[in-house]
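Encoded as structure tokens, the structure appears first; notes follow it.
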Amino acid sequence: MAHGIHTETTFEAAIEESLLNQGGYSKGNSEDFDPQLGIFPSYVTQFLQNSQPKAWEKITNIHKDEVEKKVISRLIRELNHKGTLNVLRHGFTDYGVKFKMAFYMPESSLNPEAVELYGKNHLSVTRQLYYERQGKNSLDMVLALNGLPIATIELKNQFSGQSVTNAKKQYVYDREPNEPIFQFKKRSLVHFAVDTDEAFMTTKLAGKKTRYLPFNLGYNNGAGNPPNKDGYRTSYLWEYVWTKDSLMDIVGKFLHLNVIEFELNGVRKKKETMIFPRFHQMEVVRKLTQDAREKGAGSNYLIQHSAGSGKSNSIAWLSYRLSSLHDKGDQRVFDSVIVITDRRVLDSQLQNTIHQFEHKDGVVQKIDKDSQQLADAITAGSNIIITTLQKFPFVLDKIGEIPNRKYAVIIDEAHSSQGGEATKKMKEVLTAKSLEEAIEEDMSSGLDEDAEDEIRTSMEARGKQDNLSFFAFTATPKPKTIEVFGTPDSNGIPKPFHLYSMKQAIEEGFILDVLKNYTTYKTYFKLSKQIEDDPNVNKKQAARAIGRFLSLHPHNLAQKAEVMVEHFRQVVSKRIGGKAKAMVVTGSRLHAVRYKEEFDKYIKARGYTDVKTLVAFSGKVIYDSYPDGVTEVELNGFKEKELPKKFSTDEYQILLVADKYQTGFDQPLLHTMYVDKKLSGVKCVQTLSRLNRMHPGKEDTFVLDFANEAEEITNSFQPYYELTTVEETTDPNHLYDLKSEIEKAQVIWETEVNSFCNVFFKSAKTLSVKEQGKLNAFIDPAVERFKQLPEESSDEDVIGNEVTQESFKNTLQSFTRLYSFLSQIMPFTDVDLEKLFTYSRFLLKKLPRKNQADRFKLGDEVSLEYYRLQKIAEQSLVLEDQEEYGLDGRSDAGIRLANKEEKAALSEIIDVLNNRFGTEFNDADKLFFDQIEEELIADARLTQQAQNNSMDNFKFGFDDVFMDKLIARMDQNQDIFSKMMDDKDFGGLVKDYLLNKVYNRLRKTQ
């Protein structure tokens, strides 16, 4: 049967043809691949003989007839020990004979031999490569460089009914990470999942823990790819990214192994991540480099990259490129690259990244002492100099003294991380006696200026300098910054040189959409009142607790403080597994001090012990309560620099700010913002964007705004955002209309909803594999009934009445969205709604999409567990079935409060640690230990060792595996992980506790 457009084979053939004819590749054969070794041995030896004949002759004299076998054996040892990337960059040595495994395009054409050697590289594309040592599975496509696999590719063609989602799942479920070709860093460096419309990539296959990143161009400033009038939307991959010059460039100058080392009780471990550039990172570095090569020094560039774009890596790659850039006349374009940043993480990242490319020290010089050190580095012409925003004016002065030198100045994020710090020389003390005066004085004090303004002012004062090129990275450029750094378009209007928008970052899943649950106080009040007054919504005593202050429109700080504290305790505190935090944005420094008083007074009067506040403002504030003035340090009780770290602990939940921390402050646990200050433009975007950082278990954000209208906020975001999602005022009673619509379809059965919830809400314990299987079993029948619905209305006369697949799905989505939004306003206690919402949320994940069967996925494991914890905590209840029926789904669910015995069963280690070390860990932290314990129990090696050894002997194997599991989960709970690494007693206690628990559990199961 001939293959038509409906098959993957046609798609494969088109890609292969392009790579062979225009991409600089040769055709590879699966028969030439050795599954045991994970390489193409004959391609390796052919490359070595062809490119390095003298070295090959030497090694032949040593190994004689076994030369090919022995050289390959040596190469395999080096690949297993150092990894493919290292060997491709630095080669390997066999019996004193040095071999290169790749040759890269030289920076200049002064060395014709280097250009010739570059031409000796052998790139191969192999279709249907059989990679298993035992088995018959094949990969759609493999790209190899000189016999070493670089990229594996799974292709799907939508015409055949499958998409990129199926390709990703194929890697997750059908590809064994231990096969040689897939072993992390030792063979293939990247794995692509591609269909005709979209592409994703990962650098490490790890079963269900595999994390895919989008590798798309972006479309309409959002995710995805634009239509391609000449063919596939993803053709940029094989026509551009995978071509010889591009792939060699990625291997030589982009790929980077990020290594972090840890030690606990003598056990040393590393967490390694292979960094492959996302498309926008690769593209911005290449475009900037090309433009600088053509124009030389003297140009300005504005790079508008949203949070979540990976700016640190982009800056590291760009710094390295510019430091070795040559123009067409083979002259260096820049004598030095100066990176201006306040981020410590970037310093070590730059050092590590560039060391991997150059494999030598001293390329990057960090200025951590004084201006003289900076002056010496500039005078000496150090390749890459990294210094702080505060030294920027000095940098310009010093550069001006050496006019014959050319410099690239890279500015990281054009605003200060401590809002207002750059203008401390301005008015330090406000002596306002009233809040109105405070606002007026703060508005005129220059505190709205930040480092971005200082940089621009310093540049404007000196005028354009032909020996300087500026590369400014920012997510939210001010209009004046665009004027100075922007690139004029065909009409002369300055625009960013490169854009990765907030919209794209949100759609690609790197940051959260902070406008999704944005609510003005007017809306909040109206909805709360409707919920309180409506007998239908309120039939289960919904949200009575907040009712008592609904009539108090908060004209004064005390009433607003009450609204915020109660909302935080009843709604926000349950988010992110009980770890969520909030920020209050106040109108002035005096407001911040007064709010601190009112919050603390109210919290104390109510006897609350689960909410504690911090305040952030600069200078001294003088008013009635503090005639001599008061500082942030005096109110908080610790040093200013300690605040970010203190706020990240479980001790503090709410941070009250006046300008400080409204920009450049990263706290992923920040979930809710209470705004009591007029915001507009860039400041508005920067402020609300404090909420957008991702964190395991963080599914949404919430803004309650006392001072602004929704339209004003939308207008501020529009230039950076490209997406309007501010919620409109909604009638909460609409939930019951939607519920009736859902029931009308008879797809969802109450008995199955109850059975699902019996398992889901059983306790705060982690769901077992068996229980997750049960959840599937209670959803699958509804999926089958859904499939029986007509896809579209069959009769024009009944359109609007007939339930179709599309209309049912839309109604279900509307219900879950509305319930999710309203639950941010009030913690509902209508159990029927809560159960339907929870069931619907997971049913939606399993309903088939058009042309594609979707395997049920509960989503991120940690997010799922945090979500369960949140729901259990929010409702203060768990659901149980009636005893005579067990868990077979025949009964309705009853309700009971979680009893003390169950609470006590929640990992006793939390109590031990809290008592011993004065920590304040909660159920979300307990989850961290639970999941590590379950992973240790599931480890086959430990199971065998526990069977055959005493605990003293078992300990040796346990220590190693324990560290592996701990590092694998470090991102889930950074607080506990850091505490274990920093405090050896604490870490030792946790390890010993789990050692005993795991050993005894494994022995009992035998």
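Here, A, B, ... name the chains of the structure tokens in the order displayed, residue numbers run from 1 inside each chain, and ligands are numbered from 1 in the same displayed order.
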
Exercise for the section: Name all residues at most 10 Å from Ile399 (chain A) (count only C-alpha atoms; drop same-chain ones fewer than 2 positions away) and give them as a count of residues only. Expected result: 17

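Using only C-alpha atoms, the nearest neighbour of Met141 (chain A) within the list A:Ile825, A:Leu155, A:Ile59, A:Ala297 is A:Leu155.
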
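Between CA of Met694 (chain A) and CA of Ile654 (chain A) the interatomic distance comes to 18.6 Å.
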
Compile a residue-level contact table for region 575-597 of chain A against region 604-622 of chain A at a cut-off of 9 Å, reporting for every qualifying residue the shortest atom pair and its distance in Å to one decimal, with only C-alpha atoms counted, rows ordered by chain and ascending number, as a tab-separated table.
```
residue	atom	partner	partner_atom	distance
A:Ser588	CA	A:Phe617	CA	8.8
A:Arg589	CA	A:Phe617	CA	5.9
A:Leu590	CA	A:Val621	CA	6.3
A:Ala592	CA	A:Val615	CA	6.8
A:Val593	CA	A:Val615	CA	7.4
A:Tyr595	CA	A:Val615	CA	8.9
A:Lys596	CA	A:Val615	CA	6.7
```

Sort by chain and increasing residue number a table of all residues of region 252-285 of chain A within 9 Å of region 965-978 of chain A, each with its closest pair of atoms and their distance in Å to one decimal, counting only C-alpha atoms, and write it as JSON lines.
```
{"residue": "A:Phe262", "atom": "CA", "partner": "A:Ile967", "partner_atom": "CA", "distance": 8.4}
{"residue": "A:Lys269", "atom": "CA", "partner": "A:Ile967", "partner_atom": "CA", "distance": 8.2}
{"residue": "A:Lys270", "atom": "CA", "partner": "A:Ile967", "partner_atom": "CA", "distance": 8.1}
{"residue": "A:Lys271", "atom": "CA", "partner": "A:Ile967", "partner_atom": "CA", "distance": 6.6}
```

Quick one: write out the picked residues with C-alpha atoms as an mmCIF file, in the first residue's frame?
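So part09.cif came out as:
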```cif
data_model
loop_
_atom_site.group_PDB
_atom_site.id
_atom_site.type_symbol
_atom_site.label_atom_id
_atom_site.label_comp_id
_atom_site.auth_asym_id
_atom_site.auth_seq_id
_atom_site.Cartn_x
_atom_site.Cartn_y
_atom_site.Cartn_z
ATOM 1 C CA PHE A 262 25.502 18.735 47.799
ATOM 2 C CA LYS A 269 25.966 14.082 45.361
ATOM 3 C CA LYS A 270 25.486 16.216 42.275
ATOM 4 C CA LYS A 271 22.337 17.433 40.585
#
```

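Candidate residues A:Leu88, A:Ile260, A:Met981, A:Met673 were compared for distance to Glu272 (chain A), and the nearest is A:Ile260, using only C-alpha atoms.
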
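Proximity ranking of A:Arg293, A:His256, A:Lys366, A:Lys58 relative to Asn352 (chain A) places A:His256 first, based on only C-alpha atoms.
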
Problem - strand (DSSP E or B) per DSSP on the backbone: members of region 243-378 of chain A, as a ChimeraX atom specification - result: /A:256-264,267-275,300-305,326,332,336-340,364-366

Would you put the residues from that selection into a file with C-alpha atoms, as a PDB file, in the first residue's frame?
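What landed in selection-v5.pdb:
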```
ATOM      1  CA  HIS A 256      25.633  23.415  28.858  1.00  0.00           C
ATOM      2  CA  LEU A 257      25.736  20.948  31.767  1.00  0.00           C
ATOM      3  CA  ASN A 258      24.576  22.739  34.906  1.00  0.00           C
ATOM      4  CA  VAL A 259      26.007  21.059  38.022  1.00  0.00           C
ATOM      5  CA  ILE A 260      25.090  21.726  41.676  1.00  0.00           C
ATOM      6  CA  GLU A 261      26.904  19.766  44.410  1.00  0.00           C
ATOM      7  CA  PHE A 262      25.502  18.735  47.799  1.00  0.00           C
ATOM      8  CA  GLU A 263      26.823  16.932  50.841  1.00  0.00           C
ATOM      9  CA  LEU A 264      24.935  15.340  53.746  1.00  0.00           C
ATOM     10  CA  VAL A 267      27.603  11.529  51.227  1.00  0.00           C
ATOM     11  CA  ARG A 268      28.371  13.827  48.269  1.00  0.00           C
ATOM     12  CA  LYS A 269      25.966  14.082  45.361  1.00  0.00           C
ATOM     13  CA  LYS A 270      25.486  16.216  42.275  1.00  0.00           C
ATOM     14  CA  LYS A 271      22.337  17.433  40.585  1.00  0.00           C
ATOM     15  CA  GLU A 272      23.057  17.719  36.864  1.00  0.00           C
ATOM     16  CA  THR A 273      20.871  19.380  34.259  1.00  0.00           C
ATOM     17  CA  MET A 274      21.669  19.499  30.563  1.00  0.00           C
ATOM     18  CA  ILE A 275      20.606  22.926  29.261  1.00  0.00           C
ATOM     19  CA  ASN A 300      21.954  49.921  21.435  1.00  0.00           C
ATOM     20  CA  TYR A 301      19.730  46.841  21.736  1.00  0.00           C
ATOM     21  CA  LEU A 302      16.591  46.326  23.827  1.00  0.00           C
ATOM     22  CA  ILE A 303      15.665  42.717  24.521  1.00  0.00           C
ATOM     23  CA  GLN A 304      12.140  42.490  25.944  1.00  0.00           C
ATOM     24  CA  HIS A 305      12.011  39.015  27.444  1.00  0.00           C
ATOM     25  CA  HIS A 326      35.113  38.850  14.960  1.00  0.00           C
ATOM     26  CA  ARG A 332      37.607  41.522  17.302  1.00  0.00           C
ATOM     27  CA  SER A 336      35.718  43.405  26.677  1.00  0.00           C
ATOM     28  CA  VAL A 337      32.186  42.443  27.640  1.00  0.00           C
ATOM     29  CA  ILE A 338      30.882  44.071  30.824  1.00  0.00           C
ATOM     30  CA  VAL A 339      27.810  42.477  32.436  1.00  0.00           C
ATOM     31  CA  ILE A 340      25.865  44.748  34.809  1.00  0.00           C
ATOM     32  CA  VAL A 364      35.205  35.863  33.651  1.00  0.00           C
ATOM     33  CA  GLN A 365      36.314  38.417  36.243  1.00  0.00           C
ATOM     34  CA  LYS A 366      33.896  39.208  39.052  1.00  0.00           C
TER      35      LYS A 366
END
```

Exercise for the section: Excluding region 803-819 of chain A and residues on its chain fewer than 2 positions from it, collect all residues at most 7 Å away from it, counting only C-alpha atoms, and give them as an MDAnalysis selection string. Expected result: chainID A and resid 735 738 742 745 786 789:793 801 821:823 837 840:841

Selected residues, C-alpha atoms, written as a compact mmCIF listing (two decimals), in the first residue's frame, please.
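Wrote result.txt, looks like this:
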```
# COMPACT_ATOMS: atom_id res chain seq x y z
CA LEU A 735 -23.08 27.68 39.27
CA LEU A 738 -24.44 25.05 35.00
CA ILE A 742 -24.27 19.08 33.31
CA ALA A 745 -26.52 15.18 29.76
CA PHE A 786 -19.49 11.15 26.68
CA LEU A 789 -23.09 11.94 22.64
CA PRO A 790 -23.31 13.34 19.10
CA GLU A 791 -20.23 15.39 18.19
CA GLU A 792 -22.44 18.14 16.73
CA SER A 793 -26.18 18.87 16.64
CA ASN A 801 -31.45 21.85 23.13
CA PHE A 821 -12.83 31.84 40.65
CA LEU A 822 -15.59 32.09 43.25
CA SER A 823 -13.70 29.85 45.67
CA PHE A 837 -15.90 20.42 40.82
CA SER A 840 -15.14 17.44 36.72
CA ARG A 841 -11.63 18.79 36.95
```

Problem - Close residues, Ala946 (chain A) itself excluded, 7 Å, only C-alpha atoms, min 6 positions apart in chain, as a PyMOL selection string - result: chain A and resi 954+999+1002-1003

Next, write the just-selected residues to a file, as a short mmCIF file (atom, residue, chain, number, x, y, z; two decimals), in the first residue's frame, keeping C-alpha atoms as the atom set.
```cif
data_model
loop_
_atom_site.label_atom_id
_atom_site.label_comp_id
_atom_site.auth_asym_id
_atom_site.auth_seq_id
_atom_site.Cartn_x
_atom_site.Cartn_y
_atom_site.Cartn_z
CA PHE A 954 21.63 -1.71 55.16
CA TYR A 999 14.10 -0.67 57.00
CA LEU A 1002 10.65 -3.39 54.10
CA ARG A 1003 11.32 -6.17 56.62
#
```
